[in-house]
Structure formats: structure tokens, C-alpha cells
Amino acid sequence: MQPTHWKIAGTAVAALAIMLLAEAAEPIKLNVKPGLWEIASEGKIDGAPPISEDMLSRLTPEQRAKFEAATQASMANAGKPRLSKNCVTPEKIARGLDIEQHNNASCQNKLLSNSASEMEFSEDCSGENGNTVISEHFQLSGSEQLTGTVHVVRTSGGKTMTVNSTIHGKWLGASCGDIKDVEIEK
């Protein structure tokens, strides 16, 4: 099982390109066509995993070696291109295309840009386990082509990890078939 910060990184790299991480205060105007989308993404992770030395010192030498090996593998895999199929329903669009919401009192969310062809969103979360800042920017070409970027900075225990992802999406059709949410292809 991966630590929480790697789940955040993995989500940013492989998740549906057009998701927002929290509901917006105003209706989303992005003219996204509902149906099956193919999302290609790739990312890069820089920095040290934001895990305190105190937490690491609690691991046995074997556990720490496994953790470090898993960390290196995750960082190497983050840079590989990923392809997924995503079912975008009218309900998801109405909720701001959220798949995973961080409706947390410690998070501040801002919808910076909201038009039929462009959306920019930021989220800043602070807590005893550190800080996470997420910035997402998406642009549509018509209602069937999407490009975007996701930038995540996670800081904890004096360490900072940065994840940068680029996303390209295309609408495949109105029917999602047997895909209910997201299906990772490679």
C-alpha cells in the first residue's frame, strides 16, 4: 500500500483530467461533452517524500528498505505516460467534475477562471501532517478536446515534493459502455 502523499501524486498524474477537487461556489461553465473520454497524462515528481524522520525512524530496517524501494518505483512510474478511459456523466459535470472531493475545513478552494472553454482551480490545505497546494488549469478545443496541467506541492517535516502533470483528453462517444468511472489502460 502506498503512503497518502503518493496516492495524491498518483491521483494527480493518472486521474481524470477534468476533475475538480472540490465543489465550486458557482456553476461550472466548462462546455464538456458527457460520455466516454480518453485521457493521456504524464507527470514528473521532484523532491523528497514529505515524511518526517520521526515517522521513518519507527520503521524496522526491512520496512524502511521496502518503503524506500516503493518510493523510488513510484517516482520512476510517475514519469511514464498513462492512458485512461473516463466516464463523464452530466451529474459529474454539474458537481464541478469532481471525482474525489477534499471538502475539508483545513482547505481553501478558489475557482480562478470559469468559462465555456477554460477553467482554473486552486486548493490549499493545511494541517498537522503538512501542507498541500494543488493548481489545475484546463482548456477545451470545442467540447471534445481538452488539455491541462496539474501542479501539486506537498510539504511536511521540512521536506517538499512537487508533482507536475500534463493532460490531453479527447471525447470518444456518448456511451461509456461498461466503464463506470475511470479505467487505467497503461
# chains A, B, ... in the order shown; residues from 1 in each chain; ligands from 1
$ select_by_dssp --residues "range 28-96 of chain A" --states "alpha helix (DSSP H)" --output "list in words"
Glu53, Asp54, Met55, Leu56, Ser57, Pro61, Glu62, Gln63, Arg64, Ala65, Lys66, Phe67, Glu68, Ala69, Ala70, Thr71, Gln72, Ala73, Ser74, Met75, Ala76, Asn77, Ala78, Pro90, Glu91, Lys92, Ile93 and Ala94 of chain A
$ write_last_selection --atoms "N, CA, C and O atoms" --output "mmCIF file, in the first residue's frame"
data_model
loop_
_atom_site.group_PDB
_atom_site.id
_atom_site.type_symbol
_atom_site.label_atom_id
_atom_site.label_comp_id
_atom_site.auth_asym_id
_atom_site.auth_seq_id
_atom_site.Cartn_x
_atom_site.Cartn_y
_atom_site.Cartn_z
ATOM 1 N N GLU A 53 11.385 12.399 9.641
ATOM 2 C CA GLU A 53 12.372 11.416 10.099
ATOM 3 C C GLU A 53 11.830 10.625 11.287
ATOM 4 O O GLU A 53 12.146 9.460 11.446
ATOM 5 N N ASP A 54 10.991 11.268 12.092
ATOM 6 C CA ASP A 54 10.382 10.577 13.225
ATOM 7 C C ASP A 54 9.549 9.394 12.745
ATOM 8 O O ASP A 54 9.630 8.291 13.289
ATOM 9 N N MET A 55 8.739 9.619 11.707
ATOM 10 C CA MET A 55 7.928 8.526 11.163
ATOM 11 C C MET A 55 8.809 7.438 10.564
ATOM 12 O O MET A 55 8.556 6.251 10.761
ATOM 13 N N LEU A 56 9.837 7.838 9.832
ATOM 14 C CA LEU A 56 10.738 6.860 9.226
ATOM 15 C C LEU A 56 11.489 6.057 10.286
ATOM 16 O O LEU A 56 11.737 4.865 10.108
ATOM 17 N N SER A 57 11.839 6.711 11.400
ATOM 18 C CA SER A 57 12.603 6.013 12.449
ATOM 19 C C SER A 57 11.782 4.930 13.138
ATOM 20 O O SER A 57 12.346 4.032 13.758
ATOM 21 N N PRO A 61 14.376 -1.792 9.878
ATOM 22 C CA PRO A 61 15.237 -1.656 8.693
ATOM 23 C C PRO A 61 14.622 -2.302 7.445
ATOM 24 O O PRO A 61 14.727 -1.743 6.351
ATOM 25 N N GLU A 62 13.957 -3.434 7.619
ATOM 26 C CA GLU A 62 13.328 -4.103 6.472
ATOM 27 C C GLU A 62 12.169 -3.267 5.931
ATOM 28 O O GLU A 62 12.012 -3.109 4.717
ATOM 29 N N GLN A 63 11.345 -2.727 6.835
ATOM 30 C CA GLN A 63 10.226 -1.891 6.411
ATOM 31 C C GLN A 63 10.719 -0.631 5.707
ATOM 32 O O GLN A 63 10.165 -0.218 4.696
ATOM 33 N N ARG A 64 11.759 -0.042 6.247
ATOM 34 C CA ARG A 64 12.291 1.178 5.643
ATOM 35 C C ARG A 64 12.853 0.897 4.252
ATOM 36 O O ARG A 64 12.644 1.676 3.318
ATOM 37 N N ALA A 65 13.559 -0.233 4.106
ATOM 38 C CA ALA A 65 14.103 -0.605 2.799
ATOM 39 C C ALA A 65 12.965 -0.810 1.791
ATOM 40 O O ALA A 65 13.057 -0.348 0.641
ATOM 41 N N LYS A 66 11.884 -1.480 2.210
ATOM 42 C CA LYS A 66 10.730 -1.682 1.322
ATOM 43 C C LYS A 66 10.082 -0.354 0.967
ATOM 44 O O LYS A 66 9.694 -0.118 -0.177
ATOM 45 N N PHE A 67 9.952 0.519 1.976
ATOM 46 C CA PHE A 67 9.360 1.835 1.742
ATOM 47 C C PHE A 67 10.193 2.625 0.740
ATOM 48 O O PHE A 67 9.661 3.215 -0.197
ATOM 49 N N GLU A 68 11.506 2.642 0.926
ATOM 50 C CA GLU A 68 12.378 3.398 0.027
ATOM 51 C C GLU A 68 12.345 2.833 -1.383
ATOM 52 O O GLU A 68 12.341 3.582 -2.362
ATOM 53 N N ALA A 69 12.291 1.502 -1.512
ATOM 54 C CA ALA A 69 12.202 0.887 -2.836
ATOM 55 C C ALA A 69 10.876 1.245 -3.508
ATOM 56 O O ALA A 69 10.832 1.559 -4.704
ATOM 57 N N ALA A 70 9.780 1.203 -2.735
ATOM 58 C CA ALA A 70 8.472 1.559 -3.277
ATOM 59 C C ALA A 70 8.436 3.031 -3.687
ATOM 60 O O ALA A 70 7.841 3.392 -4.713
ATOM 61 N N THR A 71 9.089 3.881 -2.900
ATOM 62 C CA THR A 71 9.149 5.307 -3.209
ATOM 63 C C THR A 71 9.880 5.534 -4.524
ATOM 64 O O THR A 71 9.407 6.289 -5.390
ATOM 65 N N GLN A 72 11.007 4.899 -4.696
ATOM 66 C CA GLN A 72 11.771 5.052 -5.941
ATOM 67 C C GLN A 72 10.978 4.543 -7.140
ATOM 68 O O GLN A 72 10.967 5.168 -8.203
ATOM 69 N N ALA A 73 10.292 3.411 -6.963
ATOM 70 C CA ALA A 73 9.481 2.861 -8.061
ATOM 71 C C ALA A 73 8.337 3.803 -8.411
ATOM 72 O O ALA A 73 8.047 4.028 -9.590
ATOM 73 N N SER A 74 7.690 4.377 -7.396
ATOM 74 C CA SER A 74 6.586 5.309 -7.637
ATOM 75 C C SER A 74 7.071 6.541 -8.388
ATOM 76 O O SER A 74 6.406 7.022 -9.301
ATOM 77 N N MET A 75 8.225 7.060 -7.992
ATOM 78 C CA MET A 75 8.765 8.245 -8.664
ATOM 79 C C MET A 75 9.118 7.922 -10.116
ATOM 80 O O MET A 75 8.871 8.731 -11.016
ATOM 81 N N ALA A 76 9.671 6.743 -10.357
ATOM 82 C CA ALA A 76 10.011 6.345 -11.725
ATOM 83 C C ALA A 76 8.742 6.156 -12.559
ATOM 84 O O ALA A 76 8.685 6.579 -13.718
ATOM 85 N N ASN A 77 7.713 5.537 -11.972
ATOM 86 C CA ASN A 77 6.467 5.300 -12.697
ATOM 87 C C ASN A 77 5.690 6.579 -12.963
ATOM 88 O O ASN A 77 4.934 6.654 -13.929
ATOM 89 N N ALA A 78 5.855 7.578 -12.115
ATOM 90 C CA ALA A 78 5.110 8.830 -12.275
ATOM 91 C C ALA A 78 5.441 9.518 -13.593
ATOM 92 O O ALA A 78 4.595 10.202 -14.168
ATOM 93 N N PRO A 90 -23.408 13.704 -16.798
ATOM 94 C CA PRO A 90 -23.961 15.045 -16.561
ATOM 95 C C PRO A 90 -23.915 15.422 -15.077
ATOM 96 O O PRO A 90 -23.690 16.588 -14.740
ATOM 97 N N GLU A 91 -24.088 14.440 -14.193
ATOM 98 C CA GLU A 91 -24.032 14.706 -12.757
ATOM 99 C C GLU A 91 -22.639 15.137 -12.329
ATOM 100 O O GLU A 91 -22.483 16.043 -11.509
ATOM 101 N N LYS A 92 -21.619 14.490 -12.862
ATOM 102 C CA LYS A 92 -20.238 14.887 -12.540
ATOM 103 C C LYS A 92 -19.955 16.297 -13.053
ATOM 104 O O LYS A 92 -19.294 17.085 -12.382
ATOM 105 N N ILE A 93 -20.441 16.595 -14.223
ATOM 106 C CA ILE A 93 -20.239 17.932 -14.783
ATOM 107 C C ILE A 93 -20.916 18.969 -13.882
ATOM 108 O O ILE A 93 -20.322 19.984 -13.539
ATOM 109 N N ALA A 94 -22.143 18.686 -13.457
ATOM 110 C CA ALA A 94 -22.889 19.619 -12.604
ATOM 111 C C ALA A 94 -22.207 19.825 -11.250
ATOM 112 O O ALA A 94 -22.314 20.900 -10.664
#
$ residues_around --residues "Trp171 in chain A" --least-positions-apart "4" --cutoff "9 Å" --atoms "only C-alpha atoms" --output "ChimeraX atom specification"
/A:32-39,143-146
$ write_last_selection --atoms "N, CA and C atoms" --output "PDB file, in the first residue's frame"
ATOM      1  N   VAL A  32     -18.030  20.763 -21.368  1.00  0.00           N
ATOM      2  CA  VAL A  32     -17.537  19.394 -21.524  1.00  0.00           C
ATOM      3  C   VAL A  32     -18.670  18.509 -22.009  1.00  0.00           C
ATOM      4  N   LYS A  33     -18.403  17.735 -23.022  1.00  0.00           N
ATOM      5  CA  LYS A  33     -19.393  16.828 -23.558  1.00  0.00           C
ATOM      6  C   LYS A  33     -19.464  15.582 -22.674  1.00  0.00           C
ATOM      7  N   PRO A  34     -20.645  15.195 -22.192  1.00  0.00           N
ATOM      8  CA  PRO A  34     -20.744  13.978 -21.389  1.00  0.00           C
ATOM      9  C   PRO A  34     -20.455  12.746 -22.245  1.00  0.00           C
ATOM     10  N   GLY A  35     -19.994  11.697 -21.590  1.00  0.00           N
ATOM     11  CA  GLY A  35     -19.734  10.449 -22.280  1.00  0.00           C
ATOM     12  C   GLY A  35     -18.362   9.903 -21.937  1.00  0.00           C
ATOM     13  N   LEU A  36     -17.830   9.071 -22.816  1.00  0.00           N
ATOM     14  CA  LEU A  36     -16.546   8.418 -22.599  1.00  0.00           C
ATOM     15  C   LEU A  36     -15.407   9.288 -23.130  1.00  0.00           C
ATOM     16  N   TRP A  37     -14.437   9.537 -22.260  1.00  0.00           N
ATOM     17  CA  TRP A  37     -13.255  10.324 -22.601  1.00  0.00           C
ATOM     18  C   TRP A  37     -12.005   9.465 -22.471  1.00  0.00           C
ATOM     19  N   GLU A  38     -11.057   9.675 -23.375  1.00  0.00           N
ATOM     20  CA  GLU A  38      -9.734   9.068 -23.253  1.00  0.00           C
ATOM     21  C   GLU A  38      -8.791  10.167 -22.770  1.00  0.00           C
ATOM     22  N   ILE A  39      -8.102   9.885 -21.675  1.00  0.00           N
ATOM     23  CA  ILE A  39      -7.210  10.869 -21.073  1.00  0.00           C
ATOM     24  C   ILE A  39      -5.786  10.322 -21.088  1.00  0.00           C
ATOM     25  N   SER A 143     -15.904  21.048 -27.669  1.00  0.00           N
ATOM     26  CA  SER A 143     -16.334  20.331 -26.462  1.00  0.00           C
ATOM     27  C   SER A 143     -15.792  18.909 -26.427  1.00  0.00           C
ATOM     28  N   GLU A 144     -14.875  18.576 -27.374  1.00  0.00           N
ATOM     29  CA  GLU A 144     -14.392  17.200 -27.489  1.00  0.00           C
ATOM     30  C   GLU A 144     -12.883  17.042 -27.341  1.00  0.00           C
ATOM     31  N   GLN A 145     -12.126  18.117 -27.116  1.00  0.00           N
ATOM     32  CA  GLN A 145     -10.673  18.049 -26.946  1.00  0.00           C
ATOM     33  C   GLN A 145     -10.296  18.871 -25.714  1.00  0.00           C
ATOM     34  N   LEU A 146      -9.418  18.334 -24.894  1.00  0.00           N
ATOM     35  CA  LEU A 146      -9.044  19.007 -23.666  1.00  0.00           C
ATOM     36  C   LEU A 146      -7.537  18.926 -23.456  1.00  0.00           C
TER      37      LEU A 146
END
$ atom_distance --atom1 "CA of Glu183 in chain A" --atom2 "CA of Ser41 in chain A"
13.3 Å
$ closest_residue --among "A:Gly157, A:Gly148, A:Pro81, A:Gly173" --to "Glu128 in chain A" --atoms "only C-alpha atoms"
A:Gly157
$ closest_residue --among "A:Leu83, A:Leu30, A:Val153, A:Leu111" --to "Ala48 in chain A" --atoms "only C-alpha atoms"
A:Val153
$ residues_around --residues "Ser156 in chain A" --least-positions-apart "5" --cutoff "12 Å" --atoms "only C-alpha atoms" --output "JSON, numbers by chain"
{"A": [5, 47, 48, 49, 50, 51, 52, 53, 54, 55, 125, 126, 127, 128, 129, 130, 131, 132, 133, 161, 162]}
$ write_last_selection --atoms "C-alpha atoms" --output "compact mmCIF listing (two decimals), in the first residue's frame"
# COMPACT_ATOMS: atom_id res chain seq x y z
CA HIS A 5 1.17 11.54 -0.34
CA GLY A 47 11.85 16.39 -4.22
CA ALA A 48 11.82 14.14 -1.22
CA PRO A 49 8.69 12.41 0.05
CA PRO A 50 7.31 14.67 2.79
CA ILE A 51 7.64 12.13 5.58
CA SER A 52 9.25 13.14 8.84
CA GLU A 53 12.37 11.42 10.10
CA ASP A 54 10.38 10.58 13.22
CA MET A 55 7.93 8.53 11.16
CA CYS A 125 -4.85 22.55 2.52
CA SER A 126 -3.01 22.94 5.82
CA GLY A 127 -2.92 20.53 8.70
CA GLU A 128 -0.78 18.87 11.31
CA ASN A 129 0.53 16.48 8.65
CA GLY A 130 1.75 19.31 6.43
CA ASN A 131 0.51 21.46 3.58
CA THR A 132 -0.73 20.61 0.11
CA VAL A 133 -1.28 23.14 -2.67
CA MET A 161 7.61 17.07 -3.04
CA THR A 162 6.34 18.58 -6.31
$ select_by_dssp --residues "range 8-171 of chain A" --states "strand (DSSP E)" --output "PyMOL selection string"
chain A and resi 35-47+82-88+107-114+118-127+130-141+145-156+159-171
$ write_last_selection --atoms "C-alpha atoms" --output "PDB file, in the first residue's frame"
ATOM      1  CA  GLY A  35     -19.734  10.449 -22.280  1.00  0.00           C
ATOM      2  CA  LEU A  36     -16.546   8.418 -22.599  1.00  0.00           C
ATOM      3  CA  TRP A  37     -13.255  10.324 -22.601  1.00  0.00           C
ATOM      4  CA  GLU A  38      -9.734   9.068 -23.253  1.00  0.00           C
ATOM      5  CA  ILE A  39      -7.210  10.869 -21.073  1.00  0.00           C
ATOM      6  CA  ALA A  40      -3.455  10.718 -21.699  1.00  0.00           C
ATOM      7  CA  SER A  41      -1.288  12.070 -18.908  1.00  0.00           C
ATOM      8  CA  GLU A  42       2.300  12.159 -17.837  1.00  0.00           C
ATOM      9  CA  GLY A  43       3.942  13.673 -14.855  1.00  0.00           C
ATOM     10  CA  LYS A  44       7.121  14.284 -13.021  1.00  0.00           C
ATOM     11  CA  ILE A  45       7.826  14.105  -9.295  1.00  0.00           C
ATOM     12  CA  ASP A  46      10.626  16.155  -7.782  1.00  0.00           C
ATOM     13  CA  GLY A  47      11.847  16.394  -4.220  1.00  0.00           C
ATOM     14  CA  ARG A  82      -0.618   6.899 -18.679  1.00  0.00           C
ATOM     15  CA  LEU A  83      -3.779   6.341 -20.641  1.00  0.00           C
ATOM     16  CA  SER A  84      -7.227   6.019 -19.118  1.00  0.00           C
ATOM     17  CA  LYS A  85     -10.848   5.900 -20.143  1.00  0.00           C
ATOM     18  CA  ASN A  86     -13.162   8.100 -18.071  1.00  0.00           C
ATOM     19  CA  CYS A  87     -16.940   8.167 -17.894  1.00  0.00           C
ATOM     20  CA  VAL A  88     -18.028  11.792 -17.536  1.00  0.00           C
ATOM     21  CA  CYS A 107      -8.740  23.502   2.742  1.00  0.00           C
ATOM     22  CA  GLN A 108      -9.363  26.746   0.903  1.00  0.00           C
ATOM     23  CA  ASN A 109     -10.664  26.358  -2.641  1.00  0.00           C
ATOM     24  CA  LYS A 110     -10.729  29.006  -5.353  1.00  0.00           C
ATOM     25  CA  LEU A 111     -12.221  28.872  -8.808  1.00  0.00           C
ATOM     26  CA  LEU A 112      -9.885  31.288 -10.610  1.00  0.00           C
ATOM     27  CA  SER A 113     -11.266  31.008 -14.132  1.00  0.00           C
ATOM     28  CA  ASN A 114     -14.624  29.596 -15.212  1.00  0.00           C
ATOM     29  CA  GLU A 118     -11.271  27.348 -19.758  1.00  0.00           C
ATOM     30  CA  MET A 119     -11.235  26.501 -16.072  1.00  0.00           C
ATOM     31  CA  GLU A 120      -8.589  27.147 -13.444  1.00  0.00           C
ATOM     32  CA  PHE A 121      -8.858  25.952  -9.866  1.00  0.00           C
ATOM     33  CA  SER A 122      -6.639  26.035  -6.788  1.00  0.00           C
ATOM     34  CA  GLU A 123      -6.803  24.304  -3.446  1.00  0.00           C
ATOM     35  CA  ASP A 124      -4.653  24.999  -0.391  1.00  0.00           C
ATOM     36  CA  CYS A 125      -4.853  22.551   2.523  1.00  0.00           C
ATOM     37  CA  SER A 126      -3.007  22.945   5.819  1.00  0.00           C
ATOM     38  CA  GLY A 127      -2.919  20.528   8.697  1.00  0.00           C
ATOM     39  CA  GLY A 130       1.755  19.310   6.432  1.00  0.00           C
ATOM     40  CA  ASN A 131       0.507  21.464   3.582  1.00  0.00           C
ATOM     41  CA  THR A 132      -0.735  20.611   0.110  1.00  0.00           C
ATOM     42  CA  VAL A 133      -1.283  23.143  -2.672  1.00  0.00           C
ATOM     43  CA  ILE A 134      -2.967  21.981  -5.877  1.00  0.00           C
ATOM     44  CA  SER A 135      -3.375  24.093  -9.033  1.00  0.00           C
ATOM     45  CA  GLU A 136      -5.313  22.826 -12.044  1.00  0.00           C
ATOM     46  CA  HIS A 137      -5.794  24.528 -15.400  1.00  0.00           C
ATOM     47  CA  PHE A 138      -7.839  23.086 -18.273  1.00  0.00           C
ATOM     48  CA  GLN A 139      -8.698  24.327 -21.745  1.00  0.00           C
ATOM     49  CA  LEU A 140     -11.180  22.912 -24.223  1.00  0.00           C
ATOM     50  CA  SER A 141     -10.923  22.997 -28.006  1.00  0.00           C
ATOM     51  CA  GLN A 145     -10.673  18.049 -26.946  1.00  0.00           C
ATOM     52  CA  LEU A 146      -9.044  19.007 -23.666  1.00  0.00           C
ATOM     53  CA  THR A 147      -5.557  19.968 -22.496  1.00  0.00           C
ATOM     54  CA  GLY A 148      -4.492  20.738 -18.980  1.00  0.00           C
ATOM     55  CA  THR A 149      -1.906  20.894 -16.267  1.00  0.00           C
ATOM     56  CA  VAL A 150      -1.960  19.817 -12.641  1.00  0.00           C
ATOM     57  CA  HIS A 151       0.635  21.124 -10.190  1.00  0.00           C
ATOM     58  CA  VAL A 152       0.819  19.664  -6.653  1.00  0.00           C
ATOM     59  CA  VAL A 153       3.203  20.781  -3.899  1.00  0.00           C
ATOM     60  CA  ARG A 154       3.203  18.728  -0.691  1.00  0.00           C
ATOM     61  CA  THR A 155       5.281  19.934   2.269  1.00  0.00           C
ATOM     62  CA  SER A 156       5.741  18.170   5.603  1.00  0.00           C
ATOM     63  CA  LYS A 159      10.567  18.170   3.014  1.00  0.00           C
ATOM     64  CA  THR A 160       8.823  19.211  -0.175  1.00  0.00           C
ATOM     65  CA  MET A 161       7.605  17.068  -3.043  1.00  0.00           C
ATOM     66  CA  THR A 162       6.342  18.579  -6.306  1.00  0.00           C
ATOM     67  CA  VAL A 163       4.228  16.800  -8.909  1.00  0.00           C
ATOM     68  CA  ASN A 164       3.690  18.336 -12.348  1.00  0.00           C
ATOM     69  CA  SER A 165       1.353  16.652 -14.806  1.00  0.00           C
ATOM     70  CA  THR A 166       0.217  17.400 -18.334  1.00  0.00           C
ATOM     71  CA  ILE A 167      -3.057  16.071 -19.647  1.00  0.00           C
ATOM     72  CA  HIS A 168      -4.606  15.617 -23.061  1.00  0.00           C
ATOM     73  CA  GLY A 169      -8.142  14.342 -23.442  1.00  0.00           C
ATOM     74  CA  LYS A 170     -10.488  13.511 -26.256  1.00  0.00           C
ATOM     75  CA  TRP A 171     -14.143  12.599 -26.285  1.00  0.00           C
TER      76      TRP A 171
END
$ atom_distance --atom1 "CA of Gly79 in chain A" --atom2 "CA of Lys180 in chain A"
26.4 Å
$ atom_distance --atom1 "CA of Pro27 in chain A" --atom2 "CA of Val182 in chain A"
23.4 Å
